[in-house]
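Data first, discussion second: the structure below is written as structure tokens.
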Amino acid sequence: MRKVSIFGATGSIGQNTIDLIAREPGAYDVVALTGGQNIAHLAADARRLDAQIAVTADELRLGELREALAGSGVEAAAGTRAIVEAATRPADWVMSAIVGAAGLAPGMKALEQGATLALANKESLVTAGDLIMRTARQHGGRILPVDSEHSAVFQGLVGEDMGAVERIIITASGGAFRDWSLQEMARATPEQAAKHPNWDMGLRITIDSASMFNKALEVIETKEFFGCPHNMIEVLVHPESMVHALVGFKDGALMAHVGPPDMRHAIGYALHWPDRRKLPVERLDLAKIGTFTFRQPDPVRYPALRLAHEVLEAGGLAGAVFNAAKETALDGFLARRIGFLQMAEVVEEVLERLVASQCLKNAEMTLDTVQETDHLARKTAQEVMAEQDR
């Protein structure tokens, strides 16, 4: 039996992971499940999978979690430190699906135990790519991509020499506003941004998809994961969301990964790697689909993509600044403090103040400096939004 842990078990990635694991009873020994506010769901899954421990990020909900797990034999814990502690428990395979910078520390701890980390937490590579890759090498851990785009690139490179790669193309659905005018986008509400046309995802990532900040993070991830120059990475808008990525080689060939918009494919590939197993996903009827369409993303509508390349040019802790500013700006949009298009303005201003000014130029990348930079960038983003309120 493989020992597995799922960090972010109550989110969409975590639930799809549980769906696959539950289909093979007896194949997995579940060590830890972690979640946020959905205590009933977390406890129910911990009972069903007979987990060793269930952890909620909310320390105030510990009593509720204990009550929900009473008599099950599943240990209950709460808080950020408890989540990190759960990551030190021996596991062969760990799903990292906590949303945001909070996923970095437990992912690092899992790698320090030599685990295989199935990485769905974008922010780990964005904020601390060099650090997390170095940690994996030092401790014999392995990182497998779970984002559909990076899983697609990873699969396209099987048996290939990275030196023969000329370009990497990741695709974007365009999100909820792909056919809206800029004027309409400026008036968009959080409820409208949260309605993705293709994917069933969480609130924050769905809004990030509409602003293309999600894709901007993936551009940074691509560079960090595959070690390629950022000018090799391209983005295409592909409304059908069935071609997840393409790898272009020096001989002019393009290797495309095609599949349904179902995260269980990328999760299942990481779960069973290096084998391929049968998965409960749709089999595409290409004749019925008929046509795939692609278009260049409009840089005026999606400034996040330009900012991602500027972050990669700057290097160092710029990714931590970018991610923290993005998360804080998203909080501001959800709270209706700023408009949809203002999120990119906030992020750009924070980058200008903290990165372009080179105030972080000589800082060494450690977990502490990443977390300190994250805090500083969030504080600066709050200041920028406060200035806009005046």
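Naming scheme: A, B, ... for chains in displayed order of the structure tokens; residues 1 onward per chain; ligands 1 onward as shown.
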
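Here the DSSP assignment of strand (DSSP E or B), based on backbone atoms, applies within range 8-161 of chain A to Tyr28, Asp29, Val30, Val31, Ala32, Leu33, Thr34, Gly35, Ile53, Ala54, Val55, Thr56, Glu75, Ala76, Ala77, Ala78, Trp93, Val94, Met95, Ser96, Thr116, Leu117, Ala118, Leu119, Arg142, Ile143, Leu144 and Pro145 of chain A.
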
(Q) At a cut-off of 6 Å, using only C-alpha atoms, what residues contact range 366-380 of chain A? Leave out same-chain residues fewer than 4 positions from it and give the result as a list in words. (A) Ala320, Val321, Ala324, Ala325 and Thr328 of chain A

Alpha helix (DSSP H) positions in range 164-297 of chain A, given as JSON, numbers by chain | {"A": [182, 183, 184, 185, 186, 190, 191, 192, 193, 203, 204, 205, 206, 207, 208, 209, 210, 211, 213, 214, 215, 216, 217, 218, 219, 220, 221, 222, 223, 224, 225, 226, 264, 265, 266, 267, 268, 269, 270, 271, 272, 286, 287, 288, 289]}

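Atom to atom, CA of Asp45 in chain A and CA of Asp58 in chain A stand 17.5 Å apart.
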
Closest of A:Asp50, A:Asp19, A:Glu67, A:Glu240 to Gly290 in chain A, counting only C-alpha atoms, is A:Glu240

Determine, using only C-alpha atoms, which residues of range 213-262 of chain A have any atom at most 8 Å from an atom of range 295-315 of chain A, and tabulate each with its shortest atom pair and distance in Å to one decimal place, rows ordered by chain and then rising number, as a tab-separated table.
residue	atom	partner	partner_atom	distance
A:Phe213	CA	A:Ala304	CA	5.4
A:Lys215	CA	A:Leu305	CA	7.2
A:Ala216	CA	A:Leu305	CA	4.9
A:Leu217	CA	A:Ala308	CA	7.0
A:Val219	CA	A:Ala308	CA	6.8
A:Ile220	CA	A:Ala308	CA	6.4
A:His230	CA	A:His309	CA	6.7
A:Asn231	CA	A:His309	CA	8.0
A:Val235	CA	A:Pro297	CA	7.2
A:Leu236	CA	A:Gln296	CA	5.2
A:Val237	CA	A:Arg295	CA	5.2
A:His238	CA	A:Arg295	CA	6.8

Would you export the selected residues with N, CA, C and O atoms as a JSON list (two decimals), in the first residue's frame, please?
[["chain", "number", "residue", "atom", "x", "y", "z"],
["A", 213, "PHE", "N", -4.22, 36.10, -14.65],
["A", 213, "PHE", "CA", -3.17, 35.98, -13.65],
["A", 213, "PHE", "C", -2.83, 34.51, -13.42],
["A", 213, "PHE", "O", -1.68, 34.16, -13.11],
["A", 215, "LYS", "N", -2.69, 32.25, -15.70],
["A", 215, "LYS", "CA", -1.76, 31.88, -16.77],
["A", 215, "LYS", "C", -0.40, 32.54, -16.55],
["A", 215, "LYS", "O", 0.64, 31.95, -16.87],
["A", 216, "ALA", "N", -0.39, 33.74, -16.00],
["A", 216, "ALA", "CA", 0.87, 34.40, -15.69],
["A", 216, "ALA", "C", 1.68, 33.59, -14.69],
["A", 216, "ALA", "O", 2.90, 33.41, -14.83],
["A", 217, "LEU", "N", 0.98, 33.07, -13.66],
["A", 217, "LEU", "CA", 1.66, 32.20, -12.70],
["A", 217, "LEU", "C", 2.21, 30.96, -13.40],
["A", 217, "LEU", "O", 3.32, 30.49, -13.10],
["A", 219, "VAL", "N", 3.19, 30.69, -16.51],
["A", 219, "VAL", "CA", 4.39, 31.04, -17.28],
["A", 219, "VAL", "C", 5.61, 30.97, -16.37],
["A", 219, "VAL", "O", 6.65, 30.40, -16.74],
["A", 220, "ILE", "N", 5.49, 31.54, -15.18],
["A", 220, "ILE", "CA", 6.62, 31.50, -14.23],
["A", 220, "ILE", "C", 6.91, 30.06, -13.81],
["A", 220, "ILE", "O", 8.08, 29.64, -13.76],
["A", 230, "HIS", "N", 12.70, 32.26, -20.33],
["A", 230, "HIS", "CA", 11.30, 32.68, -20.36],
["A", 230, "HIS", "C", 10.84, 33.12, -21.74],
["A", 230, "HIS", "O", 9.65, 33.07, -22.06],
["A", 231, "ASN", "N", 11.79, 33.51, -22.62],
["A", 231, "ASN", "CA", 11.37, 33.91, -23.96],
["A", 231, "ASN", "C", 11.04, 32.73, -24.85],
["A", 231, "ASN", "O", 10.61, 32.91, -26.00],
["A", 235, "VAL", "N", 1.96, 31.83, -24.82],
["A", 235, "VAL", "CA", 0.59, 31.58, -24.38],
["A", 235, "VAL", "C", -0.35, 31.78, -25.56],
["A", 235, "VAL", "O", -0.23, 32.77, -26.29],
["A", 236, "LEU", "N", -1.27, 30.85, -25.75],
["A", 236, "LEU", "CA", -2.32, 30.98, -26.75],
["A", 236, "LEU", "C", -3.68, 30.82, -26.08],
["A", 236, "LEU", "O", -3.84, 29.96, -25.20],
["A", 237, "VAL", "N", -4.63, 31.63, -26.49],
["A", 237, "VAL", "CA", -6.01, 31.45, -26.02],
["A", 237, "VAL", "C", -6.65, 30.35, -26.86],
["A", 237, "VAL", "O", -6.64, 30.40, -28.10],
["A", 238, "HIS", "N", -7.16, 29.35, -26.17],
["A", 238, "HIS", "CA", -7.76, 28.17, -26.82],
["A", 238, "HIS", "C", -9.10, 27.90, -26.12],
["A", 238, "HIS", "O", -9.15, 27.23, -25.09]]

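Take the candidates A:Arg337, A:Lys326, A:Arg66, A:Arg167 and check each one against Gly100 in chain A using only C-alpha atoms; the shortest distance goes to A:Lys326.
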
Here CA of Met343 in chain A and CA of Glu327 in chain A stand apart by 9.3 Å

Among A:Val281, A:Ala164, A:Ile207, A:Ala82, Gly252 in chain A is approached most closely, using only C-alpha atoms, by A:Ala164

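Computed from the coordinates, the CA of Ala22 in chain A to CA of Leu69 in chain A distance equals 19.0 Å.
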
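Between Val153 in chain A and the residues A:Asp92, A:Glu221, A:Glu85, A:Asp179, the shortest atom-to-atom distance, using only C-alpha atoms, involves A:Glu221.
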
Problem - Who sits within 10 Å of Gly36 in chain A, only C-alpha atoms, same chain under 3 positions skipped, as a VMD selection string - result: chain A and resid 8 to 11 39 41 to 42 55 to 59 61 78 to 79 98

Selection file, C-alpha atoms, as a PDB file, in the first residue's frame:
ATOM      1  CA  GLY A   8      -6.097  20.967   0.336  1.00  0.00           C
ATOM      2  CA  ALA A   9      -8.417  17.958   0.401  1.00  0.00           C
ATOM      3  CA  THR A  10     -11.683  19.904   0.348  1.00  0.00           C
ATOM      4  CA  GLY A  11     -10.882  21.949  -2.780  1.00  0.00           C
ATOM      5  CA  ILE A  39     -15.249  20.829   8.438  1.00  0.00           C
ATOM      6  CA  HIS A  41     -16.636  17.507   4.316  1.00  0.00           C
ATOM      7  CA  LEU A  42     -13.110  17.154   5.701  1.00  0.00           C
ATOM      8  CA  VAL A  55      -6.223  19.076   9.942  1.00  0.00           C
ATOM      9  CA  THR A  56      -8.193  22.285   9.465  1.00  0.00           C
ATOM     10  CA  ALA A  57      -6.318  25.501   8.825  1.00  0.00           C
ATOM     11  CA  ASP A  58      -8.718  27.340  11.148  1.00  0.00           C
ATOM     12  CA  GLU A  59      -7.587  26.966  14.761  1.00  0.00           C
ATOM     13  CA  ARG A  61     -12.684  25.094  14.350  1.00  0.00           C
ATOM     14  CA  ALA A  78      -5.829  22.694  13.572  1.00  0.00           C
ATOM     15  CA  GLY A  79      -3.714  25.634  12.495  1.00  0.00           C
ATOM     16  CA  ILE A  98      -3.530  24.244  -0.822  1.00  0.00           C
TER      17      ILE A  98
END

Taking only C-alpha atoms into account, produce a table as CSV in which each residue of range 61-160 of chain A with an atom at most 9 Å from an atom of range 27-33 of chain A appears once, together with its shortest atom pair and the distance in Å to one decimal, ordered by chain and rising number.
residue,atom,partner,partner_atom,distance
A:Ala86,CA,A:Ala32,CA,6.4
A:Ala87,CA,A:Ala32,CA,7.9
A:Arg89,CA,A:Val31,CA,7.5
A:Pro90,CA,A:Val31,CA,8.0
A:Ala91,CA,A:Val31,CA,6.9

Take the residues from that selection and put them in a file with N, CA and C atoms, as a PDB file, in the first residue's frame.
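Generated output (again_4.pdb):
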ATOM      1  N   ALA A  86       1.889  17.867   9.867  1.00  0.00           N
ATOM      2  CA  ALA A  86       1.313  16.720   9.154  1.00  0.00           C
ATOM      3  C   ALA A  86       2.151  16.350   7.934  1.00  0.00           C
ATOM      4  N   ALA A  87       2.808  17.358   7.337  1.00  0.00           N
ATOM      5  CA  ALA A  87       3.649  17.108   6.168  1.00  0.00           C
ATOM      6  C   ALA A  87       4.930  16.377   6.514  1.00  0.00           C
ATOM      7  N   ARG A  89       4.932  13.735   8.424  1.00  0.00           N
ATOM      8  CA  ARG A  89       4.589  12.324   8.608  1.00  0.00           C
ATOM      9  C   ARG A  89       4.936  11.550   7.339  1.00  0.00           C
ATOM     10  N   PRO A  90       5.597  10.415   7.471  1.00  0.00           N
ATOM     11  CA  PRO A  90       6.068   9.689   6.287  1.00  0.00           C
ATOM     12  C   PRO A  90       4.947   9.368   5.305  1.00  0.00           C
ATOM     13  N   ALA A  91       5.162   9.747   4.050  1.00  0.00           N
ATOM     14  CA  ALA A  91       4.225   9.447   2.973  1.00  0.00           C
ATOM     15  C   ALA A  91       5.032   9.246   1.697  1.00  0.00           C
TER      16      ALA A  91
END

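If only C-alpha atoms are the atoms counted, then among A:Ala245, A:Ile13, A:Ala51, A:Met108 the closest residue to Asp262 in chain A is A:Ile13.
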
Exercise. If you count only C-alpha atoms, which residues fall within 9 Å of Gly248 in chain A, apart from same-chain ones fewer than 4 positions away, as a PyMOL selection string?
Worked result: chain A and resi 164-169+252-256

Residue with the minimum atom-to-atom distance to Ala120 in chain A, picked from A:Gly73, A:Gly14, A:Pro197, A:Pro25 with only C-alpha atoms counted, is A:Gly14

I'd like the neighbourhood of Ala270 in chain A as JSON, numbers by chain, where a residue qualifies if any of its atoms comes within 10 Å (using only C-alpha atoms), though same-chain residues fewer than 4 positions away should be ignored.
{"A": [93, 95, 116, 117, 118, 119, 143, 144, 145, 146, 151, 264, 265, 266, 274, 275, 276]}

Only all heavy atoms, please: the residues just picked out, written as a short mmCIF file (atom, residue, chain, number, x, y, z; two decimals), in the first residue's frame.
data_model
loop_
_atom_site.label_atom_id
_atom_site.label_comp_id
_atom_site.auth_asym_id
_atom_site.auth_seq_id
_atom_site.Cartn_x
_atom_site.Cartn_y
_atom_site.Cartn_z
N TRP A 93 3.62 9.66 -1.39
CA TRP A 93 3.09 10.57 -2.41
C TRP A 93 2.22 11.61 -1.72
O TRP A 93 1.35 11.26 -0.91
CB TRP A 93 2.27 9.76 -3.41
CG TRP A 93 1.77 10.48 -4.63
CD1 TRP A 93 2.41 10.59 -5.83
CD2 TRP A 93 0.51 11.16 -4.79
NE1 TRP A 93 1.63 11.29 -6.72
CE2 TRP A 93 0.45 11.64 -6.11
CE3 TRP A 93 -0.57 11.39 -3.94
CZ2 TRP A 93 -0.64 12.35 -6.60
CZ3 TRP A 93 -1.67 12.09 -4.42
CH2 TRP A 93 -1.70 12.56 -5.74
N MET A 95 -0.15 15.11 -2.32
CA MET A 95 -0.79 16.09 -3.17
C MET A 95 -0.71 17.46 -2.50
O MET A 95 -1.20 17.64 -1.38
CB MET A 95 -2.26 15.71 -3.41
CG MET A 95 -3.10 16.82 -4.06
SD MET A 95 -2.45 17.42 -5.64
CE MET A 95 -2.88 16.04 -6.71
N THR A 116 7.36 12.03 -3.00
CA THR A 116 6.99 12.54 -4.32
C THR A 116 5.89 13.57 -4.10
O THR A 116 4.85 13.27 -3.52
CB THR A 116 6.49 11.42 -5.24
OG1 THR A 116 7.57 10.53 -5.54
CG2 THR A 116 5.92 11.97 -6.53
N LEU A 117 6.13 14.80 -4.56
CA LEU A 117 5.18 15.89 -4.37
C LEU A 117 4.44 16.14 -5.68
O LEU A 117 5.04 16.56 -6.67
CB LEU A 117 5.91 17.15 -3.93
CG LEU A 117 5.02 18.34 -3.52
CD1 LEU A 117 4.30 18.04 -2.21
CD2 LEU A 117 5.86 19.61 -3.39
N ALA A 118 3.15 15.84 -5.67
CA ALA A 118 2.29 16.16 -6.82
C ALA A 118 1.88 17.62 -6.64
O ALA A 118 1.09 17.95 -5.75
CB ALA A 118 1.08 15.24 -6.85
N LEU A 119 2.42 18.50 -7.47
CA LEU A 119 2.33 19.93 -7.20
C LEU A 119 1.21 20.59 -8.00
O LEU A 119 1.32 20.82 -9.21
CB LEU A 119 3.67 20.60 -7.53
CG LEU A 119 3.83 22.05 -7.08
CD1 LEU A 119 3.69 22.18 -5.57
CD2 LEU A 119 5.18 22.59 -7.54
N ILE A 143 9.28 16.09 -7.72
CA ILE A 143 8.12 16.94 -7.97
C ILE A 143 7.50 16.56 -9.30
O ILE A 143 8.18 16.51 -10.34
CB ILE A 143 8.52 18.43 -7.99
CG1 ILE A 143 9.22 18.82 -6.69
CG2 ILE A 143 7.29 19.31 -8.21
CD1 ILE A 143 9.78 20.24 -6.70
N LEU A 144 6.21 16.27 -9.27
CA LEU A 144 5.46 15.97 -10.49
C LEU A 144 4.40 17.05 -10.68
O LEU A 144 3.70 17.40 -9.74
CB LEU A 144 4.79 14.60 -10.40
CG LEU A 144 5.73 13.39 -10.29
CD1 LEU A 144 4.92 12.11 -10.10
CD2 LEU A 144 6.62 13.27 -11.54
N PRO A 145 4.26 17.58 -11.90
CA PRO A 145 3.29 18.66 -12.12
C PRO A 145 1.86 18.14 -12.17
O PRO A 145 1.59 17.06 -12.71
CB PRO A 145 3.70 19.23 -13.48
CG PRO A 145 4.34 18.08 -14.19
CD PRO A 145 5.02 17.26 -13.13
N VAL A 146 0.94 18.92 -11.63
CA VAL A 146 -0.48 18.56 -11.65
C VAL A 146 -1.30 19.58 -12.42
O VAL A 146 -2.37 19.25 -12.92
CB VAL A 146 -1.03 18.39 -10.21
CG1 VAL A 146 -2.54 18.19 -10.20
CG2 VAL A 146 -0.36 17.19 -9.54
N SER A 151 1.54 19.35 -16.72
CA SER A 151 1.46 17.90 -16.93
C SER A 151 1.56 17.59 -18.41
O SER A 151 2.24 16.64 -18.82
CB SER A 151 0.16 17.34 -16.35
OG SER A 151 0.05 15.96 -16.61
N ARG A 264 -8.82 15.17 -13.47
CA ARG A 264 -8.45 13.82 -13.05
C ARG A 264 -7.40 13.20 -13.98
O ARG A 264 -6.70 12.26 -13.58
CB ARG A 264 -9.69 12.93 -12.96
CG ARG A 264 -10.60 13.30 -11.80
CD ARG A 264 -11.83 12.43 -11.76
NE ARG A 264 -12.64 12.63 -12.96
CZ ARG A 264 -13.78 11.97 -13.20
NH1 ARG A 264 -14.23 11.09 -12.32
NH2 ARG A 264 -14.47 12.20 -14.32
N HIS A 265 -7.28 13.73 -15.19
CA HIS A 265 -6.22 13.18 -16.05
C HIS A 265 -4.84 13.54 -15.51
O HIS A 265 -4.00 12.66 -15.31
CB HIS A 265 -6.34 13.68 -17.49
CG HIS A 265 -5.21 13.19 -18.34
ND1 HIS A 265 -5.20 11.95 -18.93
CD2 HIS A 265 -3.99 13.74 -18.61
CE1 HIS A 265 -4.05 11.77 -19.54
NE2 HIS A 265 -3.30 12.84 -19.37
N ALA A 266 -4.61 14.84 -15.27
CA ALA A 266 -3.29 15.26 -14.77
C ALA A 266 -3.02 14.69 -13.39
O ALA A 266 -1.89 14.27 -13.08
CB ALA A 266 -3.21 16.78 -14.74
N PRO A 274 5.40 6.21 -12.96
CA PRO A 274 5.59 6.38 -14.40
C PRO A 274 4.66 5.53 -15.26
O PRO A 274 4.85 5.45 -16.48
CB PRO A 274 7.05 5.93 -14.60
CG PRO A 274 7.24 4.88 -13.55
CD PRO A 274 6.43 5.33 -12.36
N ASP A 275 3.69 4.88 -14.65
CA ASP A 275 2.74 4.07 -15.41
C ASP A 275 1.57 4.91 -15.87
O ASP A 275 1.26 5.96 -15.31
CB ASP A 275 2.22 2.91 -14.55
CG ASP A 275 3.32 1.99 -14.07
OD1 ASP A 275 4.30 1.81 -14.83
OD2 ASP A 275 3.22 1.47 -12.95
N ARG A 276 0.87 4.42 -16.89
CA ARG A 276 -0.42 4.96 -17.28
C ARG A 276 -1.49 3.96 -16.89
O ARG A 276 -1.37 2.78 -17.19
CB ARG A 276 -0.49 5.22 -18.78
CG ARG A 276 0.23 6.47 -19.24
CD ARG A 276 -0.13 6.81 -20.68
NE ARG A 276 0.63 7.93 -21.19
CZ ARG A 276 0.25 9.20 -21.08
NH1 ARG A 276 -0.89 9.50 -20.49
NH2 ARG A 276 1.00 10.16 -21.58
#
